[in-house]
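K.L.:
This is the content of coords-v1.tsv (TSV, C-alpha atoms):
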```
chain	number	residue	atom	x	y	z
A	276	MET	CA	1.38	7.97	7.16
A	277	SER	CA	-1.22	5.48	8.39
A	278	THR	CA	-4.68	5.86	6.89
A	279	ILE	CA	-7.91	5.56	8.81
A	280	ASN	CA	-11.17	4.77	7.11
A	281	PHE	CA	-13.95	5.66	9.53
A	282	SER	CA	-16.73	4.39	7.32
A	283	ALA	CA	-15.17	0.94	6.86
A	284	HIS	CA	-13.74	0.94	10.40
A	285	GLU	CA	-10.22	0.20	9.21
A	286	ILE	CA	-6.74	1.41	10.03
A	287	ASN	CA	-4.42	0.75	7.12
A	288	PHE	CA	-0.64	0.67	7.03
A	289	LYS	CA	1.72	0.43	4.09
A	290	ILE	CA	4.94	-1.54	4.48
A	291	VAL	CA	7.48	-1.56	1.65
A	292	TYR	CA	10.23	-4.11	0.99
A	293	TYR	CA	13.17	-2.25	-0.55
A	294	GLY	CA	16.62	-3.40	-1.65
A	295	PRO	CA	18.87	-4.09	-4.62
A	296	GLY	CA	17.82	-6.28	-7.56
A	297	MET	CA	17.66	-10.04	-6.90
A	298	SER	CA	18.12	-9.63	-3.15
A	299	GLY	CA	14.93	-11.61	-2.43
A	300	LYS	CA	12.14	-9.08	-1.88
A	301	THR	CA	9.57	-11.00	-3.91
A	302	THR	CA	10.70	-14.28	-2.31
A	303	ASN	CA	9.95	-12.73	1.09
A	304	LEU	CA	6.42	-11.86	0.02
A	305	LYS	CA	5.83	-15.32	-1.49
A	306	LYS	CA	6.97	-16.98	1.74
A	307	ILE	CA	4.77	-14.70	3.83
A	308	TYR	CA	1.85	-15.59	1.59
A	309	GLU	CA	2.58	-19.30	2.19
A	310	ASN	CA	2.89	-18.84	5.96
A	311	ILE	CA	-0.15	-16.71	6.71
A	312	PRO	CA	-3.52	-18.42	7.23
A	313	GLN	CA	-6.04	-17.99	4.43
A	314	GLU	CA	-8.45	-15.90	6.51
A	315	SER	CA	-5.77	-13.29	7.26
A	316	LYS	CA	-4.53	-12.65	3.74
A	317	GLY	CA	-5.86	-11.33	0.47
A	318	GLU	CA	-4.77	-12.02	-3.08
A	319	MET	CA	-1.11	-11.55	-3.92
A	320	VAL	CA	-0.60	-9.41	-7.01
A	321	SER	CA	2.70	-9.47	-8.93
A	322	LEU	CA	3.53	-7.19	-11.81
A	323	ALA	CA	6.57	-8.97	-13.20
A	324	THR	CA	8.42	-9.35	-16.48
A	325	GLU	CA	8.39	-12.63	-18.44
A	326	ASP	CA	11.52	-13.77	-16.59
A	327	GLU	CA	9.83	-13.08	-13.24
A	328	ARG	CA	11.77	-9.92	-12.39
A	329	THR	CA	9.58	-7.37	-10.63
A	330	LEU	CA	8.48	-4.76	-13.15
A	331	PHE	CA	6.35	-2.47	-10.99
A	332	PHE	CA	5.56	-4.07	-7.63
A	333	ASP	CA	4.25	-7.09	-5.74
A	334	PHE	CA	1.35	-6.57	-3.37
A	335	LEU	CA	-0.06	-8.60	-0.50
A	336	PRO	CA	-2.78	-7.37	1.91
A	337	LEU	CA	-2.79	-8.82	5.43
A	338	ASP	CA	-5.53	-8.55	8.01
A	339	LEU	CA	-4.17	-8.45	11.54
A	340	GLY	CA	-7.54	-8.51	13.29
A	341	GLU	CA	-9.89	-6.15	15.06
A	342	VAL	CA	-9.32	-3.90	18.07
A	343	ASN	CA	-11.98	-1.54	19.46
A	344	GLY	CA	-14.15	-2.18	16.42
A	345	PHE	CA	-11.44	-1.19	13.93
A	346	LYS	CA	-9.72	-3.67	11.63
A	347	THR	CA	-5.94	-3.30	11.49
A	348	ARG	CA	-4.60	-4.03	8.04
A	349	PHE	CA	-1.13	-4.10	6.51
A	350	HIS	CA	-0.52	-3.69	2.82
A	351	LEU	CA	2.85	-5.17	1.89
A	352	TYR	CA	4.61	-4.01	-1.27
A	353	THR	CA	7.92	-4.80	-2.91
A	354	VAL	CA	9.67	-2.42	-5.28
A	355	PRO	CA	11.60	-3.39	-8.42
A	356	GLY	CA	15.26	-3.52	-7.43
A	357	GLN	CA	16.86	-2.93	-10.80
A	358	VAL	CA	18.53	0.47	-10.97
A	359	PHE	CA	16.62	1.73	-14.02
A	360	TYR	CA	13.20	1.29	-12.39
A	361	ASN	CA	13.59	4.21	-10.02
A	362	SER	CA	10.37	5.97	-11.11
A	363	SER	CA	8.40	2.90	-10.06
A	364	ARG	CA	10.20	2.69	-6.71
A	365	LYS	CA	9.39	6.32	-6.02
A	366	LEU	CA	5.68	5.79	-6.74
A	367	ILE	CA	5.44	2.79	-4.43
A	368	LEU	CA	6.92	4.76	-1.53
A	369	ARG	CA	3.98	7.18	-1.50
A	370	GLY	CA	2.35	7.02	1.95
A	371	VAL	CA	4.80	4.43	3.31
A	372	ASP	CA	4.53	3.63	7.04
A	373	GLY	CA	7.42	1.21	7.46
A	374	VAL	CA	10.32	-0.20	5.44
A	375	ILE	CA	12.08	-3.57	5.41
A	376	PHE	CA	15.39	-3.35	3.56
A	377	VAL	CA	16.37	-6.68	2.01
A	378	GLY	CA	20.14	-6.77	1.61
A	379	ASP	CA	22.21	-9.37	-0.22
A	380	SER	CA	25.05	-11.26	1.51
A	381	ALA	CA	27.08	-11.85	-1.68
A	382	PRO	CA	30.45	-10.04	-1.66
A	383	ASN	CA	29.84	-8.58	-5.12
A	384	ARG	CA	26.51	-7.07	-3.97
A	385	LEU	CA	27.85	-5.05	-1.06
A	386	ARG	CA	28.04	-1.92	-3.17
A	387	ALA	CA	24.56	-2.55	-4.61
A	388	ASN	CA	23.22	-2.77	-1.05
A	389	ALA	CA	24.77	0.60	-0.17
A	390	GLU	CA	23.53	2.23	-3.37
A	391	SER	CA	20.01	0.93	-2.86
A	392	LEU	CA	19.93	2.29	0.69
A	393	ARG	CA	21.14	5.67	-0.56
A	394	ASN	CA	18.47	5.56	-3.26
A	395	LEU	CA	15.82	4.78	-0.61
A	396	ARG	CA	16.83	7.85	1.40
A	397	GLU	CA	16.75	10.03	-1.74
A	398	ASN	CA	13.33	8.78	-2.80
A	399	LEU	CA	11.89	9.30	0.68
A	400	HIS	CA	13.13	12.90	0.56
A	401	GLU	CA	10.82	13.45	-2.40
A	402	TYR	CA	7.92	12.86	0.02
A	403	ASN	CA	9.59	14.93	2.76
A	404	LEU	CA	10.31	11.78	4.74
A	405	GLU	CA	13.48	10.80	6.56
A	406	LEU	CA	14.38	7.14	6.89
A	407	ASP	CA	15.49	7.78	10.48
A	408	ASP	CA	11.91	8.79	11.36
A	409	LEU	CA	10.31	5.69	9.85
A	410	PRO	CA	9.93	2.23	11.38
A	411	PHE	CA	12.80	0.46	9.64
A	412	VAL	CA	14.29	-3.05	9.78
A	413	ILE	CA	17.15	-4.56	7.78
A	414	GLN	CA	17.07	-8.17	6.65
A	415	ILE	CA	20.35	-9.57	5.35
A	416	ASN	CA	19.30	-12.32	3.00
A	417	LYS	CA	21.12	-15.26	1.42
A	418	ARG	CA	23.08	-16.16	4.54
A	419	ASP	CA	23.53	-19.65	3.08
A	420	LEU	CA	25.84	-18.48	0.29
A	421	PRO	CA	29.21	-20.20	0.67
A	422	ASP	CA	31.03	-16.86	0.34
A	423	ALA	CA	28.47	-14.79	2.32
A	424	LEU	CA	30.05	-11.70	3.86
A	425	PRO	CA	30.06	-11.57	7.67
A	426	ILE	CA	26.95	-9.82	8.98
A	427	ASP	CA	29.11	-7.34	10.91
A	428	MET	CA	30.79	-6.21	7.69
A	429	ILE	CA	27.42	-5.60	6.01
A	430	LYS	CA	26.17	-3.81	9.14
A	431	GLN	CA	29.19	-1.50	8.98
A	432	VAL	CA	28.12	-0.42	5.51
A	433	LEU	CA	24.34	-0.21	6.00
A	434	ASP	CA	24.07	0.86	9.62
A	435	PRO	CA	27.37	1.99	11.13
A	436	THR	CA	25.56	3.38	14.18
A	437	GLY	CA	24.12	-0.08	14.99
A	438	LYS	CA	20.68	1.32	15.86
A	439	ILE	CA	18.57	-0.46	13.26
A	440	PRO	CA	17.12	-3.93	13.98
A	441	PHE	CA	18.98	-6.52	11.87
A	442	VAL	CA	17.90	-10.04	10.87
A	443	GLY	CA	19.95	-12.65	9.00
A	444	ALA	CA	17.82	-14.68	6.60
A	445	VAL	CA	17.60	-17.37	3.97
A	446	ALA	CA	14.26	-16.28	2.56
A	447	ALA	CA	14.15	-19.07	-0.04
A	448	LYS	CA	14.19	-21.57	2.85
A	449	ASN	CA	11.69	-19.56	4.85
A	450	GLU	CA	14.29	-18.55	7.47
A	451	GLY	CA	14.25	-15.01	8.85
A	452	VAL	CA	11.18	-13.99	6.82
A	453	ILE	CA	8.54	-13.46	9.49
A	454	GLU	CA	10.86	-11.81	12.04
A	455	PRO	CA	11.48	-8.52	10.17
A	456	LEU	CA	7.78	-8.25	9.31
A	457	ARG	CA	6.81	-8.82	12.93
A	458	GLU	CA	9.33	-6.22	14.09
A	459	VAL	CA	8.36	-3.54	11.59
A	460	SER	CA	4.64	-4.15	12.33
A	461	ARG	CA	5.33	-3.68	16.02
A	462	LEU	CA	7.30	-0.47	15.34
A	463	VAL	CA	4.58	0.89	13.03
A	464	LEU	CA	1.85	0.39	15.64
A	465	GLU	CA	4.09	1.79	18.37
A	466	LYS	CA	4.72	4.89	16.29
A	467	LEU	CA	1.01	5.37	15.68
A	468	ALA	CA	0.31	5.20	19.42
A	469	GLN	CA	3.02	7.81	20.06
A	470	THR	CA	2.02	10.27	17.37
A	471	ALA	CA	-1.78	9.96	16.97
B	37	MET	CA	0.45	9.97	12.70
B	38	LEU	CA	-2.99	9.00	11.52
B	39	GLU	CA	-4.86	10.70	8.75
B	40	PRO	CA	-8.00	10.00	6.77
B	41	SER	CA	-7.38	10.58	3.05
B	42	LEU	CA	-10.85	12.08	2.92
B	43	ASP	CA	-13.15	13.39	5.66
B	44	LEU	CA	-15.83	10.85	4.94
B	45	TYR	CA	-17.83	9.49	7.85
B	46	GLY	CA	-21.25	9.75	9.49
B	47	GLU	CA	-23.77	11.77	7.54
B	48	SER	CA	-21.31	12.70	4.77
B	49	PHE	CA	-20.61	9.05	4.12
B	50	GLU	CA	-24.32	8.28	3.86
B	51	LYS	CA	-24.85	11.16	1.46
B	52	VAL	CA	-21.97	10.02	-0.74
B	53	ASP	CA	-23.27	6.45	-0.64
B	54	ALA	CA	-26.66	7.70	-1.87
B	55	LEU	CA	-24.93	9.66	-4.65
B	56	PHE	CA	-23.11	6.49	-5.67
B	57	GLU	CA	-26.37	4.56	-5.88
B	58	ASP	CA	-27.82	7.29	-8.04
B	59	LEU	CA	-24.74	7.27	-10.27
B	60	LEU	CA	-24.93	3.51	-10.79
B	61	THR	CA	-28.66	3.63	-11.55
B	62	LYS	CA	-28.41	6.49	-14.04
B	63	SER	CA	-25.17	5.49	-15.75
B	64	HIS	CA	-25.78	1.70	-15.72
B	65	GLY	CA	-22.32	1.25	-14.18
B	66	LEU	CA	-21.39	-1.85	-12.18
B	67	TYR	CA	-19.21	-0.49	-9.37
B	68	VAL	CA	-18.06	2.87	-8.14
B	69	LEU	CA	-15.16	3.41	-5.77
B	70	ILE	CA	-13.22	6.17	-4.12
B	71	VAL	CA	-9.60	5.12	-3.73
B	72	ASP	CA	-6.71	7.13	-2.36
B	73	LEU	CA	-3.37	7.48	-4.08
B	74	LYS	CA	-1.75	5.19	-1.51
B	75	GLY	CA	-3.94	2.40	-2.88
B	76	PHE	CA	-6.60	2.12	-0.16
B	77	VAL	CA	-10.36	1.91	-0.73
B	78	ILE	CA	-12.18	4.81	0.95
B	79	ALA	CA	-15.74	4.03	-0.16
B	80	HIS	CA	-17.44	1.79	-2.67
B	81	ASN	CA	-20.84	0.76	-3.95
B	82	LYS	CA	-22.11	-1.93	-6.29
B	83	ALA	CA	-25.12	-2.00	-8.57
B	84	LEU	CA	-27.83	-4.47	-7.53
B	85	TRP	CA	-27.43	-6.41	-10.77
B	86	ALA	CA	-23.63	-6.47	-10.73
B	87	PRO	CA	-21.73	-9.69	-9.97
B	88	LYS	CA	-19.44	-9.91	-6.92
B	89	PRO	CA	-16.50	-7.59	-7.62
B	90	PRO	CA	-12.89	-8.80	-7.70
B	91	SER	CA	-10.69	-8.13	-4.64
B	92	LEU	CA	-11.13	-4.43	-3.86
B	93	ASP	CA	-7.68	-4.23	-2.25
B	94	SER	CA	-6.02	-5.44	-5.44
B	95	LEU	CA	-8.24	-3.22	-7.55
B	96	ALA	CA	-7.51	-0.07	-5.52
B	97	THR	CA	-3.76	-0.75	-5.44
B	98	LEU	CA	-3.57	-1.32	-9.18
B	99	ILE	CA	-5.75	1.70	-10.01
B	100	ALA	CA	-3.75	4.05	-7.75
B	101	SER	CA	-0.43	2.78	-9.11
B	102	ASN	CA	-1.67	2.97	-12.68
B	103	TYR	CA	-2.89	6.52	-12.13
B	104	SER	CA	0.42	7.54	-10.56
B	105	ALA	CA	2.31	5.97	-13.46
B	106	ASN	CA	0.15	7.93	-15.89
B	107	ILE	CA	0.96	11.18	-14.08
B	108	ALA	CA	4.66	10.33	-14.43
B	109	ILE	CA	4.12	9.74	-18.16
B	110	ALA	CA	2.27	13.06	-18.52
B	111	GLN	CA	5.10	14.84	-16.75
B	112	LEU	CA	7.58	13.50	-19.31
B	113	PHE	CA	5.66	15.68	-21.80
B	114	GLY	CA	5.57	18.71	-19.55
B	115	GLU	CA	1.97	18.10	-18.48
B	116	LYS	CA	0.96	18.24	-14.82
B	117	GLY	CA	-1.03	15.05	-15.28
B	118	PHE	CA	-3.76	13.49	-17.38
B	119	LYS	CA	-7.21	14.70	-16.32
B	120	GLU	CA	-8.97	11.39	-16.75
B	121	MET	CA	-8.19	7.79	-17.52
B	122	VAL	CA	-10.33	5.46	-19.60
B	123	GLN	CA	-9.69	1.78	-20.11
B	124	GLN	CA	-11.92	-0.47	-22.17
B	125	GLY	CA	-11.79	-4.20	-22.76
B	126	ASP	CA	-14.22	-6.33	-24.76
B	127	GLY	CA	-16.63	-6.69	-21.85
B	128	VAL	CA	-15.59	-4.31	-19.09
B	129	GLY	CA	-14.35	-0.74	-18.94
B	130	MET	CA	-13.14	1.66	-16.29
B	131	TYR	CA	-13.32	5.41	-15.99
B	132	VAL	CA	-11.05	7.18	-13.50
B	133	GLU	CA	-11.01	10.83	-12.57
B	134	GLU	CA	-9.41	12.84	-9.80
B	135	LEU	CA	-11.75	13.67	-6.90
B	136	THR	CA	-9.31	15.53	-4.65
B	137	ASP	CA	-5.54	15.86	-4.77
B	138	LYS	CA	-5.30	12.62	-2.76
B	139	THR	CA	-8.24	10.60	-4.05
B	140	LEU	CA	-9.76	9.22	-7.24
B	141	ILE	CA	-13.26	8.26	-8.23
B	142	VAL	CA	-13.53	5.11	-10.33
B	143	THR	CA	-16.58	3.86	-12.23
B	144	ILE	CA	-16.45	0.36	-13.66
B	145	PHE	CA	-18.95	-0.65	-16.31
B	146	ASP	CA	-19.79	-3.40	-18.78
B	147	SER	CA	-20.81	-3.34	-22.42
B	148	SER	CA	-24.42	-2.50	-21.53
B	149	ALA	CA	-23.35	1.02	-20.50
B	150	ALA	CA	-22.19	3.74	-22.88
B	151	LEU	CA	-18.87	5.40	-22.04
B	152	GLY	CA	-20.36	8.86	-22.66
B	153	ARG	CA	-23.08	8.21	-20.12
B	154	ILE	CA	-20.57	6.88	-17.59
B	155	LYS	CA	-18.39	9.97	-18.02
B	156	LEU	CA	-21.32	12.38	-17.82
B	157	PHE	CA	-22.78	10.94	-14.61
B	158	THR	CA	-19.40	10.37	-12.96
B	159	LYS	CA	-18.51	14.03	-13.56
B	160	LYS	CA	-21.86	15.12	-12.12
B	161	THR	CA	-21.29	12.88	-9.09
B	162	ILE	CA	-17.83	14.37	-8.53
B	163	VAL	CA	-19.37	17.84	-8.31
B	164	GLU	CA	-21.97	16.57	-5.81
B	165	VAL	CA	-19.44	14.66	-3.71
B	166	LYS	CA	-17.19	17.72	-3.54
B	167	LYS	CA	-20.19	19.73	-2.35
B	168	VAL	CA	-20.90	17.18	0.40
B	169	LEU	CA	-17.26	17.27	1.48
B	170	SER	CA	-17.14	21.07	1.53
B	171	GLU	CA	-20.34	21.26	3.62
B	172	ASN	CA	-19.11	18.65	6.10
B	173	THR	CA	-18.81	20.18	9.56
B	174	GLU	CA	-18.47	16.95	11.52
B	175	THR	CA	-15.13	16.36	13.17
B	176	ALA	CA	-13.48	12.98	12.87
B	177	PRO	CA	-14.40	10.55	15.65
B	178	LYS	CA	-11.66	10.45	18.26
B	179	MET	CA	-9.48	7.37	18.33
B	180	ASP	CA	-7.84	6.33	21.57
B	181	PHE	CA	-4.55	4.48	21.15
B	182	ASP	CA	-4.03	3.82	24.84
B	183	ASP	CA	-2.09	1.06	26.59
B	184	LYS	CA	-5.03	-1.31	26.18
B	185	TRP	CA	-5.09	-0.73	22.43
B	186	GLN	CA	-1.33	-1.25	22.21
B	187	SER	CA	-1.50	-4.45	24.21
B	188	SER	CA	-4.38	-5.76	22.07
B	189	THR	CA	-2.58	-5.02	18.80
B	190	GLN	CA	0.59	-6.62	20.15
B	191	SER	CA	-1.43	-9.76	20.92
B	192	LEU	CA	-2.73	-9.73	17.35
B	193	ILE	CA	0.84	-9.47	16.03
B	194	ASP	CA	1.92	-12.36	18.25
B	195	GLY	CA	-1.09	-14.35	17.06
B	196	LEU	CA	-0.37	-13.82	13.36
B	197	PHE	CA	3.44	-13.67	13.26
B	198	GLY	CA	4.40	-15.54	16.44
B	199	THR	CA	6.09	-14.17	19.53
B	200	GLY	CA	9.65	-12.96	19.90
B	201	LYS	CA	11.76	-9.91	19.35
B	202	ILE	CA	14.80	-9.22	17.20
```
Output the file's structure in the form of structure tokens.
P.N.:
Amino acid sequence: MSTINFSAHEINFKIVYYGPGMSGKTTNLKKIYENIPQESKGEMVSLATEDERTLFFDFLPLDLGEVNGFKTRFHLYTVPGQVFYNSSRKLILRGVDGVIFVGDSAPNRLRANAESLRNLRENLHEYNLELDDLPFVIQINKRDLPDALPIDMIKQVLDPTGKIPFVGAVAAKNEGVIEPLREVSRLVLEKLAQTA
Amino acid sequence: MLEPSLDLYGESFEKVDALFEDLLTKSHGLYVLIVDLKGFVIAHNKALWAPKPPSLDSLATLIASNYSANIAIAQLFGEKGFKEMVQQGDGVGMYVEELTDKTLIVTIFDSSAALGRIKLFTKKTIVEVKKVLSENTETAPKMDFDDKWQSSTQSLIDGLFGTGKI
């Protein structure tokens, strides 16, 4: 749920990158950090293990600009993808306004994608949230793998109804990184206008 | 839906700001913040003699996450949560206590302040802030998210992330 701070004149939104381990969530955030002008971004914080696997979360604040005297700000988070870090994932989802699911195109990660999506739904239930009610975009990363599964096959597993916006990406090469963020930001603001 | 984590604006905000100044003067703390459990800063104040604080966004996010992680640890032992959190380095320390069920009050101090004094005055401030919040009768200013607002925010998105649609 978006947070308004009347004293600081800010409207704040929380967007979470979710997905299985090693699917490229942190890479997305690093590329966004590289792409966004200095004046529109804050410090990026990463809580990672020695081998650079996300331990708790990555965090990047973005400043969209000011409308009607109120700053609009997005706080981007990633969650740790590894199965055993579920407590951390649950904590990061508190107060989430929008989700970008980063899926992996590798054939041997199809099941991990499905399990991570199921885990996302379960964790949202803990906060009485339904994924279907949240602004939600799926990014299918690593499209440059030689044995990448066809996007349609991955869609069949993650979104059989075909209602969720999908983006193919090669995050490491900065392809398909900004598009899902732009889409989820648009959906988040649209939802606020409808429900406020 | 839009919600403030705390009804803090107008006169209430000014009263809380004055309480924060008083807290920093009496406790010799450096900074005091109210952060919500989602990791956003709700209010903050800095002592006149304190250096520029680090990024408040990063600070609030890390404090809220740390606090939530501590609750999860407490729950492993059958506790509802830990009532307060103290962290002390060689030069700087931090005292965190729950203000409401959604917000925390955080006092950051250096070696010139005694932890006992920080705790005492932070606890007193919590009581006073709660009183201000309970006496607050102002309603939140109305926000209008009309077509003009939507079109302006869309322009900002286009400006920052480029145009286009999936």
K.L.:
Smallest atom-to-atom distance to chain A: which of B:Leu156, B:Ile109, B:Leu140, B:Leu135, using all atoms listed in the file?
P.N.:
B:Ile109
K.L.:
May I ask for the distance between atom CA of B:Ala100 and atom CA of A:Arg396, given in Å to one decimal place?
P.N.:
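So the answer is 22.8 Å.
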K.L.:
How many Å separate atom CA of B:Leu55 from atom CA of B:Val165?
P.N.:
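If I compute the distance from atom CA of B:Leu55 to atom CA of B:Val165, I get 7.5 Å.
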K.L.:
At most 12 Å from (20.8, -14.4, 3.7), file frame, only C-alpha atoms: which residues, as a short mmCIF file (atom, residue, chain, number, x, y, z; two decimals) with C-alpha atoms, in the coordinates of the input?
P.N.:
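Saved as out.cif:
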```cif
data_model
loop_
_atom_site.label_atom_id
_atom_site.label_comp_id
_atom_site.auth_asym_id
_atom_site.auth_seq_id
_atom_site.Cartn_x
_atom_site.Cartn_y
_atom_site.Cartn_z
CA MET A 297 17.66 -10.04 -6.90
CA SER A 298 18.12 -9.63 -3.15
CA GLY A 299 14.93 -11.61 -2.43
CA LYS A 300 12.14 -9.08 -1.88
CA THR A 302 10.70 -14.28 -2.31
CA ASN A 303 9.95 -12.73 1.09
CA VAL A 377 16.37 -6.68 2.01
CA GLY A 378 20.14 -6.77 1.61
CA ASP A 379 22.21 -9.37 -0.22
CA SER A 380 25.05 -11.26 1.51
CA ALA A 381 27.08 -11.85 -1.68
CA PRO A 382 30.45 -10.04 -1.66
CA ILE A 413 17.15 -4.56 7.78
CA GLN A 414 17.07 -8.17 6.65
CA ILE A 415 20.35 -9.57 5.35
CA ASN A 416 19.30 -12.32 3.00
CA LYS A 417 21.12 -15.26 1.42
CA ARG A 418 23.08 -16.16 4.54
CA ASP A 419 23.53 -19.65 3.08
CA LEU A 420 25.84 -18.48 0.29
CA PRO A 421 29.21 -20.20 0.67
CA ASP A 422 31.03 -16.86 0.34
CA ALA A 423 28.47 -14.79 2.32
CA LEU A 424 30.05 -11.70 3.86
CA PRO A 425 30.06 -11.57 7.67
CA ILE A 426 26.95 -9.82 8.98
CA ILE A 429 27.42 -5.60 6.01
CA PHE A 441 18.98 -6.52 11.87
CA VAL A 442 17.90 -10.04 10.87
CA GLY A 443 19.95 -12.65 9.00
CA ALA A 444 17.82 -14.68 6.60
CA VAL A 445 17.60 -17.37 3.97
CA ALA A 446 14.26 -16.28 2.56
CA ALA A 447 14.15 -19.07 -0.04
CA LYS A 448 14.19 -21.57 2.85
CA ASN A 449 11.69 -19.56 4.85
CA GLU A 450 14.29 -18.55 7.47
CA GLY A 451 14.25 -15.01 8.85
CA VAL A 452 11.18 -13.99 6.82
#
```
K.L.:
Could you please determine the separation between atom CA of B:Gly198 and atom CA of A:Thr347 in Å, to one decimal place?
P.N.:
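If I compute the distance from atom CA of B:Gly198 to atom CA of A:Thr347, I get 16.8 Å.
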K.L.:
Between A:Leu351, A:Ile453, A:Ile439, A:Leu330, which has the minimum distance to B:Ile193 (counting all atoms listed in the file)?
P.N.:
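Nearest candidate to B:Ile193 out of A:Leu351, A:Ile453, A:Ile439, A:Leu330: A:Ile453.
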K.L.:
Measuring atom to atom with only C-alpha atoms, identify which of A:Asn343, A:Leu456, A:Thr324, A:Leu395 is nearest to B:Gln186.
P.N.:
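Checking each candidate against B:Gln186, we get A:Asn343 as the closest.
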K.L.:
Need the shell around A:Glu285: protein/DNA/RNA residues with any atom at most 7 Å away, counting all atoms listed in the file. Skip same-chain ones fewer than 6 positions apart. Format as a list in words?
P.N.:
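That gives Ile279, Phe345, Lys346 and Thr347 of chain A.
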K.L.:
Would you mind exporting the chosen residues as a short mmCIF file (atom, residue, chain, number, x, y, z; two decimals), in the frame of the given file, restricted to C-alpha atoms?
P.N.:
```
data_model
loop_
_atom_site.label_atom_id
_atom_site.label_comp_id
_atom_site.auth_asym_id
_atom_site.auth_seq_id
_atom_site.Cartn_x
_atom_site.Cartn_y
_atom_site.Cartn_z
CA ILE A 279 -7.91 5.56 8.81
CA PHE A 345 -11.44 -1.19 13.93
CA LYS A 346 -9.72 -3.67 11.63
CA THR A 347 -5.94 -3.30 11.49
#
```
K.L.:
Using all atoms listed in the file, I'd like every residue of chain A that has an atom within 6 Å of chain B; please write them out as a PDB file with C-alpha atoms, in the coordinates of the input.
P.N.:
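Dumped to result.pdb:
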```pdb
ATOM      1  CA  MET A 276       1.380   7.970   7.160  1.00  0.00           C
ATOM      2  CA  SER A 277      -1.220   5.480   8.390  1.00  0.00           C
ATOM      3  CA  THR A 278      -4.680   5.860   6.890  1.00  0.00           C
ATOM      4  CA  ILE A 279      -7.910   5.560   8.810  1.00  0.00           C
ATOM      5  CA  PHE A 281     -13.950   5.660   9.530  1.00  0.00           C
ATOM      6  CA  SER A 282     -16.730   4.390   7.320  1.00  0.00           C
ATOM      7  CA  GLY A 370       2.350   7.020   1.950  1.00  0.00           C
ATOM      8  CA  ARG A 457       6.810  -8.820  12.930  1.00  0.00           C
ATOM      9  CA  LEU A 467       1.010   5.370  15.680  1.00  0.00           C
ATOM     10  CA  ALA A 468       0.310   5.200  19.420  1.00  0.00           C
ATOM     11  CA  THR A 470       2.020  10.270  17.370  1.00  0.00           C
ATOM     12  CA  ALA A 471      -1.780   9.960  16.970  1.00  0.00           C
TER      13      ALA A 471
END
```
K.L.:
Can you tell me which residues surround A:Phe349 at a distance of at most 9 Å, considering all atoms listed in the file, apart from same-chain residues fewer than 3 positions away, and format the answer as a PyMOL selection string?
P.N.:
chain A and resi 286-290+335-339+460
K.L.:
Kindly export the residues of the current selection with C-alpha atoms, as a compact mmCIF listing (two decimals), in the frame of the given file.
P.N.:
```txt
# COMPACT_ATOMS: atom_id res chain seq x y z
CA ILE A 286 -6.74 1.41 10.03
CA ASN A 287 -4.42 0.75 7.12
CA PHE A 288 -0.64 0.67 7.03
CA LYS A 289 1.72 0.43 4.09
CA ILE A 290 4.94 -1.54 4.48
CA LEU A 335 -0.06 -8.60 -0.50
CA PRO A 336 -2.78 -7.37 1.91
CA LEU A 337 -2.79 -8.82 5.43
CA ASP A 338 -5.53 -8.55 8.01
CA LEU A 339 -4.17 -8.45 11.54
CA SER A 460 4.64 -4.15 12.33
```
K.L.:
So which residues touch A:Leu462 within 9 Å, counting all atoms listed in the file, skipping near sequence neighbours fewer than 4 positions away, as a list in words?
P.N.:
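In the requested form, the answer reads Gly373, Leu409, Pro410, Phe411, Arg457, Glu458, Lys466 and Leu467 of chain A.
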K.L.:
Pick out the residues sitting within 6 Å of A:Tyr292, and hand them over as a list in words; count all atoms listed in the file, and ignore anything fewer than 3 positions along from it in its own chain.
P.N.:
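Counting only the stated atoms, we get Thr353, Val374, Ile375 and Phe376 of chain A.
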K.L.:
In terms of the shortest atom-to-atom distance over all atoms listed in the file, which of A:Arg369, A:Pro435, A:Ser363, A:Arg393 is closest to A:Thr329?
P.N.:
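Ranked by minimum distance to A:Thr329, first place goes to A:Ser363.
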K.L.:
Counting all atoms listed in the file, note down every residue that has an atom within 8 Å of the point (-24.1, 16.7, 1.7) (file coordinates), as a list in words.
P.N.:
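Answer for this query, in the requested form: Glu47, Ser48, Lys51, Val52, Glu164, Val165, Lys167, Val168, Leu169, Glu171 and Asn172 of chain B.
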K.L.:
Give me the residues near A:Phe332 as a list in words, where near means some atom within 7 Å (using all atoms listed in the file) and where sequence neighbours in that chain fewer than 5 positions away do not count.
P.N.:
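That gives Ser321, Leu322, Tyr352, Thr353, Val354 and Pro355 of chain A.
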K.L.:
Can you save stretch 318-322 of chain A of the given block to a file, including N, CA and C atoms and formatted as a PDB file, in the first residue's frame?
P.N.:
```
ATOM      1  N   GLU A 318      21.511   6.075  -2.975  1.00  0.00           N
ATOM      2  CA  GLU A 318      22.545   5.038  -2.864  1.00  0.00           C
ATOM      3  C   GLU A 318      21.934   3.664  -3.074  1.00  0.00           C
ATOM      4  N   MET A 319      22.681   2.770  -3.712  1.00  0.00           N
ATOM      5  CA  MET A 319      22.215   1.378  -3.790  1.00  0.00           C
ATOM      6  C   MET A 319      22.850   0.605  -2.639  1.00  0.00           C
ATOM      7  N   VAL A 320      21.997  -0.113  -1.919  1.00  0.00           N
ATOM      8  CA  VAL A 320      22.478  -0.902  -0.774  1.00  0.00           C
ATOM      9  C   VAL A 320      22.316  -2.374  -1.108  1.00  0.00           C
ATOM     10  N   SER A 321      23.369  -3.165  -0.925  1.00  0.00           N
ATOM     11  CA  SER A 321      23.277  -4.611  -1.173  1.00  0.00           C
ATOM     12  C   SER A 321      23.715  -5.363   0.068  1.00  0.00           C
ATOM     13  N   LEU A 322      22.865  -6.242   0.534  1.00  0.00           N
ATOM     14  CA  LEU A 322      23.256  -7.112   1.639  1.00  0.00           C
ATOM     15  C   LEU A 322      23.484  -8.498   1.040  1.00  0.00           C
TER      16      LEU A 322
END
```
